[in-house]
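Structure below is entry08.cif: mmCIF, C-alpha atoms.
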data_query
#
loop_
_atom_site.group_PDB
_atom_site.id
_atom_site.type_symbol
_atom_site.label_atom_id
_atom_site.label_comp_id
_atom_site.auth_asym_id
_atom_site.auth_seq_id
_atom_site.Cartn_x
_atom_site.Cartn_y
_atom_site.Cartn_z
ATOM 1 C CA MET A 1 -12.095 -10.417 30.510
ATOM 2 C CA ARG A 2 -15.193 -11.832 28.783
ATOM 3 C CA VAL A 3 -15.602 -8.668 26.736
ATOM 4 C CA ARG A 4 -12.003 -8.760 25.517
ATOM 5 C CA ARG A 5 -12.332 -12.403 24.549
ATOM 6 C CA PHE A 6 -15.545 -11.599 22.637
ATOM 7 C CA SER A 7 -13.919 -8.740 20.742
ATOM 8 C CA PHE A 8 -10.910 -10.919 19.909
ATOM 9 C CA TRP A 9 -13.082 -13.651 18.397
ATOM 10 C CA LEU A 10 -15.227 -11.108 16.568
ATOM 11 C CA LEU A 11 -12.181 -9.536 14.937
ATOM 12 C CA ALA A 12 -10.642 -12.935 14.214
ATOM 13 C CA GLY A 13 -13.839 -13.973 12.456
ATOM 14 C CA LEU A 14 -13.823 -10.803 10.359
ATOM 15 C CA ILE A 15 -10.221 -11.359 9.355
ATOM 16 C CA LEU A 16 -10.968 -14.958 8.375
ATOM 17 C CA LEU A 17 -13.989 -13.880 6.347
ATOM 18 C CA THR A 18 -11.831 -11.464 4.399
ATOM 19 C CA GLY A 19 -10.256 -14.391 2.594
ATOM 20 C CA LEU A 20 -13.520 -16.144 1.749
ATOM 21 C CA PRO A 21 -14.866 -15.525 -1.748
ATOM 22 C CA ALA A 22 -18.561 -14.813 -1.988
ATOM 23 C CA GLY A 23 -20.959 -17.476 -3.231
ATOM 24 C CA ARG A 24 -18.738 -20.564 -3.099
ATOM 25 C CA ALA A 25 -20.979 -22.628 -0.810
ATOM 26 C CA SER A 26 -24.072 -22.314 -3.021
ATOM 27 C CA ALA A 27 -22.084 -23.308 -6.115
ATOM 28 C CA ARG A 28 -21.241 -26.661 -4.525
ATOM 29 C CA GLN A 29 -24.837 -27.382 -3.528
ATOM 30 C CA ASP A 30 -26.739 -26.854 -6.777
ATOM 31 C CA PRO A 31 -24.833 -26.710 -10.093
ATOM 32 C CA VAL A 32 -27.851 -25.446 -12.081
ATOM 33 C CA ARG A 33 -28.433 -22.580 -9.663
ATOM 34 C CA ALA A 34 -24.708 -21.837 -9.667
ATOM 35 C CA GLU A 35 -24.661 -21.591 -13.481
ATOM 36 C CA ARG A 36 -27.660 -19.239 -13.452
ATOM 37 C CA GLY A 37 -25.944 -17.201 -10.751
ATOM 38 C CA ARG A 38 -22.758 -16.959 -12.811
ATOM 39 C CA ALA A 39 -24.723 -15.800 -15.834
ATOM 40 C CA ALA A 40 -26.584 -13.201 -13.753
ATOM 41 C CA GLN A 41 -23.340 -12.088 -12.152
ATOM 42 C CA ALA A 42 -21.717 -11.737 -15.587
ATOM 43 C CA ASP A 43 -24.599 -9.478 -16.617
ATOM 44 C CA THR A 44 -24.262 -7.321 -13.513
ATOM 45 C CA ASP A 45 -20.454 -7.275 -13.704
ATOM 46 C CA THR A 46 -20.553 -5.656 -17.112
ATOM 47 C CA SER A 47 -23.250 -3.159 -16.112
ATOM 48 C CA ARG A 48 -21.443 -1.798 -13.036
ATOM 49 C CA ARG A 49 -17.717 -1.692 -12.586
ATOM 50 C CA VAL A 50 -16.485 -1.791 -8.983
ATOM 51 C CA GLU A 51 -14.002 1.032 -8.424
ATOM 52 C CA PRO A 52 -11.604 1.241 -5.446
ATOM 53 C CA GLY A 53 -12.171 4.947 -4.722
ATOM 54 C CA PRO A 54 -15.931 4.760 -4.134
ATOM 55 C CA ALA A 55 -15.484 1.547 -2.131
ATOM 56 C CA LEU A 56 -12.982 3.285 0.139
ATOM 57 C CA LEU A 57 -15.216 6.336 0.571
ATOM 58 C CA ARG A 58 -18.264 4.222 1.349
ATOM 59 C CA SER A 59 -16.355 2.374 4.057
ATOM 60 C CA ALA A 60 -15.054 5.687 5.396
ATOM 61 C CA VAL A 61 -18.637 6.936 5.794
ATOM 62 C CA LEU A 62 -20.023 3.697 7.248
ATOM 63 C CA PRO A 63 -17.819 0.662 7.931
ATOM 64 C CA GLY A 64 -19.216 -2.259 5.947
ATOM 65 C CA TRP A 65 -20.860 -0.178 3.214
ATOM 66 C CA GLY A 66 -17.795 -0.581 1.004
ATOM 67 C CA GLN A 67 -18.024 -4.365 1.421
ATOM 68 C CA PHE A 68 -21.648 -4.261 0.240
ATOM 69 C CA TYR A 69 -20.467 -2.196 -2.747
ATOM 70 C CA THR A 70 -17.816 -4.802 -3.619
ATOM 71 C CA ARG A 71 -20.501 -7.521 -3.376
ATOM 72 C CA HIS A 72 -19.389 -9.063 -0.080
ATOM 73 C CA PRO A 73 -22.591 -8.639 1.957
ATOM 74 C CA VAL A 74 -21.687 -11.081 4.741
ATOM 75 C CA LYS A 75 -18.457 -9.250 5.496
ATOM 76 C CA GLY A 76 -20.254 -5.917 5.253
ATOM 77 C CA GLY A 77 -22.970 -6.976 7.673
ATOM 78 C CA LEU A 78 -20.451 -8.349 10.153
ATOM 79 C CA MET A 79 -18.386 -5.167 9.997
ATOM 80 C CA MET A 80 -21.458 -3.021 10.550
ATOM 81 C CA ALA A 81 -22.524 -5.182 13.495
ATOM 82 C CA ALA A 82 -19.035 -5.163 15.009
ATOM 83 C CA GLN A 83 -18.743 -1.393 14.621
ATOM 84 C CA ALA A 84 -22.136 -0.909 16.262
ATOM 85 C CA ALA A 85 -21.108 -3.223 19.116
ATOM 86 C CA PHE A 86 -17.801 -1.394 19.639
ATOM 87 C CA ILE A 87 -19.469 2.018 19.657
ATOM 88 C CA GLY A 88 -22.224 0.719 21.948
ATOM 89 C CA MET A 89 -19.681 -0.606 24.428
ATOM 90 C CA ALA A 90 -17.793 2.709 24.345
ATOM 91 C CA VAL A 91 -21.048 4.600 25.036
ATOM 92 C CA ARG A 92 -21.856 2.169 27.871
ATOM 93 C CA ALA A 93 -18.435 2.729 29.440
ATOM 94 C CA ASP A 94 -18.840 6.496 29.037
ATOM 95 C CA GLY A 95 -22.197 6.367 30.817
ATOM 96 C CA ARG A 96 -20.623 4.390 33.643
ATOM 97 C CA VAL A 97 -17.844 6.998 33.976
ATOM 98 C CA LYS A 98 -20.448 9.767 34.194
ATOM 99 C CA ASP A 99 -22.508 7.832 36.751
ATOM 100 C CA LEU A 100 -19.465 7.248 38.950
ATOM 101 C CA ALA A 101 -18.323 10.862 38.590
ATOM 102 C CA GLY A 102 -21.719 11.950 39.935
ATOM 103 C CA LEU A 103 -21.061 9.923 43.110
ATOM 104 C CA ARG A 104 -17.871 11.816 44.036
ATOM 105 C CA ASN A 105 -19.479 13.753 46.886
ATOM 106 C CA SER A 106 -21.303 10.747 48.334
ATOM 107 C CA ALA A 107 -20.340 8.342 51.106
ATOM 108 C CA PHE A 108 -18.167 6.100 48.878
ATOM 109 C CA PRO A 109 -14.446 5.993 49.681
ATOM 110 C CA PRO A 110 -12.726 8.394 47.245
ATOM 111 C CA SER A 111 -9.808 6.088 46.452
ATOM 112 C CA THR A 112 -12.068 3.192 45.396
ATOM 113 C CA LEU A 113 -14.315 5.517 43.412
ATOM 114 C CA GLU A 114 -11.379 7.090 41.555
ATOM 115 C CA ASP A 115 -9.990 3.641 40.757
ATOM 116 C CA ASP A 116 -13.360 2.585 39.333
ATOM 117 C CA ILE A 117 -13.626 5.770 37.277
ATOM 118 C CA GLU A 118 -10.145 5.276 35.865
ATOM 119 C CA SER A 119 -10.923 1.637 35.066
ATOM 120 C CA TRP A 120 -14.040 2.601 33.098
ATOM 121 C CA ARG A 121 -12.159 5.403 31.324
ATOM 122 C CA SER A 122 -9.567 2.863 30.259
ATOM 123 C CA GLU A 123 -12.306 0.546 29.031
ATOM 124 C CA ARG A 124 -13.908 3.404 27.074
ATOM 125 C CA ARG A 125 -10.559 4.219 25.426
ATOM 126 C CA SER A 126 -10.016 0.585 24.461
ATOM 127 C CA TRP A 127 -13.441 0.362 22.779
ATOM 128 C CA ILE A 128 -12.830 3.609 20.912
ATOM 129 C CA ILE A 129 -9.467 2.281 19.698
ATOM 130 C CA ARG A 130 -11.115 -0.965 18.557
ATOM 131 C CA ALA A 131 -13.805 0.969 16.682
ATOM 132 C CA PHE A 132 -11.158 3.148 15.026
ATOM 133 C CA GLY A 133 -9.094 0.071 14.074
ATOM 134 C CA LEU A 134 -12.138 -1.643 12.570
ATOM 135 C CA TRP A 135 -12.950 1.542 10.645
ATOM 136 C CA LEU A 136 -9.435 1.575 9.140
ATOM 137 C CA TYR A 137 -9.579 -2.164 8.443
ATOM 138 C CA SER A 138 -12.957 -1.795 6.729
ATOM 139 C CA MET A 139 -11.628 0.930 4.437
ATOM 140 C CA ALA A 140 -8.503 -1.056 3.530
ATOM 141 C CA ASP A 141 -10.498 -4.247 2.949
ATOM 142 C CA ALA A 142 -13.040 -2.521 0.680
ATOM 143 C CA TYR A 143 -10.238 -0.866 -1.300
ATOM 144 C CA VAL A 144 -8.386 -4.146 -1.830
ATOM 145 C CA ASP A 145 -11.590 -6.066 -2.625
ATOM 146 C CA ALA A 146 -12.476 -3.472 -5.275
ATOM 147 C CA HIS A 147 -9.034 -3.835 -6.846
ATOM 148 C CA LEU A 148 -9.364 -7.630 -6.879
ATOM 149 C CA HIS A 149 -13.010 -7.688 -7.980
ATOM 150 C CA HIS A 150 -12.279 -8.283 -11.664
ATOM 151 C CA PHE A 151 -9.221 -10.411 -11.041
ATOM 152 C CA ASP A 152 -9.317 -13.670 -12.919
ATOM 153 C CA GLU A 153 -10.404 -16.422 -10.540
ATOM 154 C CA GLU A 154 -8.914 -19.289 -12.528
ATOM 155 C CA GLU A 155 -6.138 -21.301 -10.978
ATOM 156 C CA PRO A 156 -2.653 -20.134 -11.974
ATOM 157 C CA GLN A 157 -0.915 -22.378 -14.435
ATOM 158 C CA PHE A 158 2.462 -23.713 -13.421
ATOM 159 C CA GLU A 159 5.029 -25.301 -15.711
ATOM 160 C CA PHE A 160 8.201 -27.010 -14.610
ATOM 161 C CA SER A 161 10.629 -28.514 -17.056
ATOM 162 C CA THR A 162 14.164 -29.834 -17.158
ATOM 163 C CA VAL A 163 14.357 -29.690 -20.954
ATOM 164 C CA PRO A 164 15.368 -26.278 -22.351
ATOM 165 C CA PRO A 165 13.200 -24.600 -24.963
ATOM 166 C CA ARG A 166 14.337 -24.956 -28.586
ATOM 167 C CA SER A 167 15.748 -21.434 -28.734
ATOM 168 C CA THR A 168 18.043 -22.045 -25.739
ATOM 169 C CA THR A 169 21.304 -23.902 -26.097
ATOM 170 C CA VAL A 170 22.995 -25.468 -23.106
ATOM 171 C CA GLU A 171 26.596 -26.488 -23.737
ATOM 172 C CA LYS A 172 27.686 -27.643 -20.282
ATOM 173 C CA GLY A 173 25.734 -28.245 -17.139
ATOM 174 C CA PHE A 174 21.974 -28.484 -16.989
ATOM 175 C CA TRP A 175 18.967 -26.284 -17.521
ATOM 176 C CA LEU A 176 16.161 -25.949 -15.028
ATOM 177 C CA GLY A 177 13.274 -23.620 -15.652
ATOM 178 C CA PHE A 178 9.776 -22.903 -14.558
ATOM 179 C CA ARG A 179 7.038 -20.515 -15.570
ATOM 180 C CA ILE A 180 4.003 -19.320 -13.650
ATOM 181 C CA MET A 181 1.202 -17.801 -15.683
ATOM 182 C CA LEU A 182 -1.445 -15.790 -13.902
ATOM 183 C CA GLY A 183 -4.588 -15.121 -15.850
ATOM 184 C CA ARG A 184 -5.929 -16.772 -18.950
ATOM 185 C CA PRO A 185 -3.547 -18.564 -21.272
ATOM 186 C CA ASP A 186 -3.345 -17.368 -24.887
ATOM 187 C CA ARG A 187 -5.656 -19.458 -26.996
#

Transcribe the structure of this file into structure tokens.
Amino acid sequence: MRVRRFSFWLLAGLILLTGLPAGRASARQDPVRAERGRAAQADTDTSRRVEPGPALLRSAVLPGWGQFYTRHPVKGGLMMAAQAAFIGMAVRADGRVKDLAGLRNSAFPPSTLEDDIESWRSERRSWIIRAFGLWLYSMADAYVDAHLHHFDEEEPQFEFSTVPPRSTTVEKGFWLGFRIMLGRPDR
């Protein structure tokens, strides 16, 4: 029960971190350092473009590597640690299954021993499924992060008006319009 609760909170933390942009906390603490960081990041952004394909392949080879590639090191480190924990727990359960299987000809009651073996096999399967799910999640997250890497981070502009534009004529009734602009406005 404790192990399942731990894995739930670990995965929940990873999912929550997916939505956090990198470097926001340091920008609030020191504006001078944040400006230097933005200038350095602008230099590195132009020197190396983050592509979705390599990010996906890196995460396929090692979960978390794609997050490092897309410049999300905290997420990458957590994914690597979670994957290592999931694989470690699966190996631990596998060792327990092998230990119990070696006791089959001993003085233990066979029904209790078989129940224990089946319980550990089930635990091993659940850890393998969790590791596989995290592997898929890591690949998808790296791919999406690479696509969104150069996305404009400015707030979307929203216009709402009850007066029609000059080119529109309204003879009867009323006009209600709105416009959402994503990206930089034309200057």

Which residues come within 7 Å of stretch 118-130 of chain A, counting all atoms listed in the file, excluding same-chain residues fewer than 5 positions away, as a VMD selection string?
-> chain A and resid 86 to 87 89 to 90 93 to 94 96 to 97

Mind dumping the selected residues with C-alpha atoms as a PDB file, in the frame of the given file?
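So the final result, stored in result-v7.pdb, reads:
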ATOM      1  CA  PHE A  86     -17.801  -1.394  19.639  1.00  0.00           C
ATOM      2  CA  ILE A  87     -19.469   2.018  19.657  1.00  0.00           C
ATOM      3  CA  MET A  89     -19.681  -0.606  24.428  1.00  0.00           C
ATOM      4  CA  ALA A  90     -17.793   2.709  24.345  1.00  0.00           C
ATOM      5  CA  ALA A  93     -18.435   2.729  29.440  1.00  0.00           C
ATOM      6  CA  ASP A  94     -18.840   6.496  29.037  1.00  0.00           C
ATOM      7  CA  ARG A  96     -20.623   4.390  33.643  1.00  0.00           C
ATOM      8  CA  VAL A  97     -17.844   6.998  33.976  1.00  0.00           C
TER       9      VAL A  97
END

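Nearest to A:Pro54 of all the residues A:Arg71, A:His147, A:Gly66, A:Met79 is A:Gly66, counting only C-alpha atoms.
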
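Rounded to one decimal, atom CA of A:Leu134 and atom CA of A:Leu148 lie 20.5 Å from each other.
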
Do you have the atom CA of A:Ala140-atom CA of A:Phe68 distance handy?
->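 Calculated distance between atom CA of A:Ala140 and atom CA of A:Phe68 is 13.9 Å.
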
Spatial neighbours of A:Ala82, max dist 12 Å, all atoms listed in the file, sep filter under 2 positions, as number ranges by chain = A: 6-14, 62-64, 75-80, 84-89, 127, 130-135, 137-138

Once you have the residues from the selection above, write them out as an mmCIF file, in the coordinates of the input, restricted to C-alpha atoms.
data_model
loop_
_atom_site.group_PDB
_atom_site.id
_atom_site.type_symbol
_atom_site.label_atom_id
_atom_site.label_comp_id
_atom_site.auth_asym_id
_atom_site.auth_seq_id
_atom_site.Cartn_x
_atom_site.Cartn_y
_atom_site.Cartn_z
ATOM 1 C CA PHE A 6 -15.545 -11.599 22.637
ATOM 2 C CA SER A 7 -13.919 -8.740 20.742
ATOM 3 C CA PHE A 8 -10.910 -10.919 19.909
ATOM 4 C CA TRP A 9 -13.082 -13.651 18.397
ATOM 5 C CA LEU A 10 -15.227 -11.108 16.568
ATOM 6 C CA LEU A 11 -12.181 -9.536 14.937
ATOM 7 C CA ALA A 12 -10.642 -12.935 14.214
ATOM 8 C CA GLY A 13 -13.839 -13.973 12.456
ATOM 9 C CA LEU A 14 -13.823 -10.803 10.359
ATOM 10 C CA LEU A 62 -20.023 3.697 7.248
ATOM 11 C CA PRO A 63 -17.819 0.662 7.931
ATOM 12 C CA GLY A 64 -19.216 -2.259 5.947
ATOM 13 C CA LYS A 75 -18.457 -9.250 5.496
ATOM 14 C CA GLY A 76 -20.254 -5.917 5.253
ATOM 15 C CA GLY A 77 -22.970 -6.976 7.673
ATOM 16 C CA LEU A 78 -20.451 -8.349 10.153
ATOM 17 C CA MET A 79 -18.386 -5.167 9.997
ATOM 18 C CA MET A 80 -21.458 -3.021 10.550
ATOM 19 C CA ALA A 84 -22.136 -0.909 16.262
ATOM 20 C CA ALA A 85 -21.108 -3.223 19.116
ATOM 21 C CA PHE A 86 -17.801 -1.394 19.639
ATOM 22 C CA ILE A 87 -19.469 2.018 19.657
ATOM 23 C CA GLY A 88 -22.224 0.719 21.948
ATOM 24 C CA MET A 89 -19.681 -0.606 24.428
ATOM 25 C CA TRP A 127 -13.441 0.362 22.779
ATOM 26 C CA ARG A 130 -11.115 -0.965 18.557
ATOM 27 C CA ALA A 131 -13.805 0.969 16.682
ATOM 28 C CA PHE A 132 -11.158 3.148 15.026
ATOM 29 C CA GLY A 133 -9.094 0.071 14.074
ATOM 30 C CA LEU A 134 -12.138 -1.643 12.570
ATOM 31 C CA TRP A 135 -12.950 1.542 10.645
ATOM 32 C CA TYR A 137 -9.579 -2.164 8.443
ATOM 33 C CA SER A 138 -12.957 -1.795 6.729
#

Tell me, in Å to one decimal, how far atom CA of A:His72 is from atom CA of A:Val91.
-> 28.6 Å

Residues within 12 Å of A:Val144, only C-alpha atoms, excluding chain neighbours under 4 positions, as a PyMOL selection string | chain A and resi 18-19+50-56+59+66-67+70+137-140+148-151

Restricted to C-alpha atoms, what would the selected residues look like written as a tab-separated table (two decimals), keeping the file's coordinate frame?
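Final output, saved to selection33.tsv:
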chain	number	residue	atom	x	y	z
A	18	THR	CA	-11.83	-11.46	4.40
A	19	GLY	CA	-10.26	-14.39	2.59
A	50	VAL	CA	-16.48	-1.79	-8.98
A	51	GLU	CA	-14.00	1.03	-8.42
A	52	PRO	CA	-11.60	1.24	-5.45
A	53	GLY	CA	-12.17	4.95	-4.72
A	54	PRO	CA	-15.93	4.76	-4.13
A	55	ALA	CA	-15.48	1.55	-2.13
A	56	LEU	CA	-12.98	3.28	0.14
A	59	SER	CA	-16.36	2.37	4.06
A	66	GLY	CA	-17.80	-0.58	1.00
A	67	GLN	CA	-18.02	-4.36	1.42
A	70	THR	CA	-17.82	-4.80	-3.62
A	137	TYR	CA	-9.58	-2.16	8.44
A	138	SER	CA	-12.96	-1.80	6.73
A	139	MET	CA	-11.63	0.93	4.44
A	140	ALA	CA	-8.50	-1.06	3.53
A	148	LEU	CA	-9.36	-7.63	-6.88
A	149	HIS	CA	-13.01	-7.69	-7.98
A	150	HIS	CA	-12.28	-8.28	-11.66
A	151	PHE	CA	-9.22	-10.41	-11.04

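Nearest-residue note for A:Asp116: choosing from A:Leu136, A:Leu100, A:Ala146, A:Val61, the minimum distance belongs to A:Leu100, counting only C-alpha atoms.
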
Could you give me stretch 116-145 of chain A completed to N, CA and C atoms, formatted as a CSV table (one decimal), in the coordinates of the input?
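Writing done, so here's selection.csv:
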chain,number,residue,atom,x,y,z
A,116,ASP,N,-12.3,3.1,40.2
A,116,ASP,CA,-13.4,2.6,39.3
A,116,ASP,C,-13.5,3.5,38.1
A,117,ILE,N,-13.5,4.8,38.4
A,117,ILE,CA,-13.6,5.8,37.3
A,117,ILE,C,-12.5,5.6,36.3
A,118,GLU,N,-11.3,5.5,36.8
A,118,GLU,CA,-10.1,5.3,35.9
A,118,GLU,C,-10.2,4.0,35.1
A,119,SER,N,-10.7,2.9,35.7
A,119,SER,CA,-10.9,1.6,35.1
A,119,SER,C,-11.9,1.8,33.9
A,120,TRP,N,-13.0,2.4,34.2
A,120,TRP,CA,-14.0,2.6,33.1
A,120,TRP,C,-13.5,3.5,32.0
A,121,ARG,N,-12.8,4.5,32.4
A,121,ARG,CA,-12.2,5.4,31.3
A,121,ARG,C,-11.2,4.6,30.4
A,122,SER,N,-10.5,3.7,31.0
A,122,SER,CA,-9.6,2.9,30.3
A,122,SER,C,-10.4,1.9,29.3
A,123,GLU,N,-11.4,1.4,29.9
A,123,GLU,CA,-12.3,0.5,29.0
A,123,GLU,C,-12.9,1.3,27.9
A,124,ARG,N,-13.4,2.6,28.1
A,124,ARG,CA,-13.9,3.4,27.1
A,124,ARG,C,-12.9,3.7,26.0
A,125,ARG,N,-11.6,4.0,26.4
A,125,ARG,CA,-10.6,4.2,25.4
A,125,ARG,C,-10.3,3.0,24.6
A,126,SER,N,-10.3,1.8,25.2
A,126,SER,CA,-10.0,0.6,24.5
A,126,SER,C,-11.1,0.3,23.4
A,127,TRP,N,-12.4,0.6,23.8
A,127,TRP,CA,-13.4,0.4,22.8
A,127,TRP,C,-13.4,1.4,21.6
A,128,ILE,N,-13.0,2.6,22.0
A,128,ILE,CA,-12.8,3.6,20.9
A,128,ILE,C,-11.7,3.2,20.0
A,129,ILE,N,-10.6,2.7,20.5
A,129,ILE,CA,-9.5,2.3,19.7
A,129,ILE,C,-9.9,1.1,18.8
A,130,ARG,N,-10.6,0.2,19.4
A,130,ARG,CA,-11.1,-1.0,18.6
A,130,ARG,C,-12.0,-0.5,17.4
A,131,ALA,N,-12.9,0.5,17.7
A,131,ALA,CA,-13.8,1.0,16.7
A,131,ALA,C,-13.0,1.7,15.6
A,132,PHE,N,-12.0,2.5,16.0
A,132,PHE,CA,-11.2,3.1,15.0
A,132,PHE,C,-10.4,2.1,14.2
A,133,GLY,N,-9.8,1.1,14.8
A,133,GLY,CA,-9.1,0.1,14.1
A,133,GLY,C,-10.0,-0.7,13.1
A,134,LEU,N,-11.2,-1.0,13.5
A,134,LEU,CA,-12.1,-1.6,12.6
A,134,LEU,C,-12.5,-0.7,11.4
A,135,TRP,N,-12.7,0.6,11.7
A,135,TRP,CA,-13.0,1.5,10.6
A,135,TRP,C,-11.8,1.6,9.6
A,136,LEU,N,-10.6,1.6,10.1
A,136,LEU,CA,-9.4,1.6,9.1
A,136,LEU,C,-9.4,0.2,8.4
A,137,TYR,N,-9.6,-0.9,9.1
A,137,TYR,CA,-9.6,-2.2,8.4
A,137,TYR,C,-10.7,-2.3,7.4
A,138,SER,N,-11.8,-1.8,7.7
A,138,SER,CA,-13.0,-1.8,6.7
A,138,SER,C,-12.6,-1.0,5.5
A,139,MET,N,-12.0,0.1,5.6
A,139,MET,CA,-11.6,0.9,4.4
A,139,MET,C,-10.6,0.2,3.6
A,140,ALA,N,-9.6,-0.3,4.3
A,140,ALA,CA,-8.5,-1.1,3.5
A,140,ALA,C,-9.1,-2.3,2.8
A,141,ASP,N,-9.9,-3.0,3.5
A,141,ASP,CA,-10.5,-4.2,2.9
A,141,ASP,C,-11.4,-3.9,1.7
A,142,ALA,N,-12.2,-2.9,1.8
A,142,ALA,CA,-13.0,-2.5,0.7
A,142,ALA,C,-12.2,-2.1,-0.5
A,143,TYR,N,-11.1,-1.3,-0.2
A,143,TYR,CA,-10.2,-0.9,-1.3
A,143,TYR,C,-9.6,-2.0,-2.0
A,144,VAL,N,-9.1,-3.0,-1.2
A,144,VAL,CA,-8.4,-4.1,-1.8
A,144,VAL,C,-9.4,-5.0,-2.5
A,145,ASP,N,-10.6,-5.3,-2.0
A,145,ASP,CA,-11.6,-6.1,-2.6
A,145,ASP,C,-12.0,-5.4,-4.0
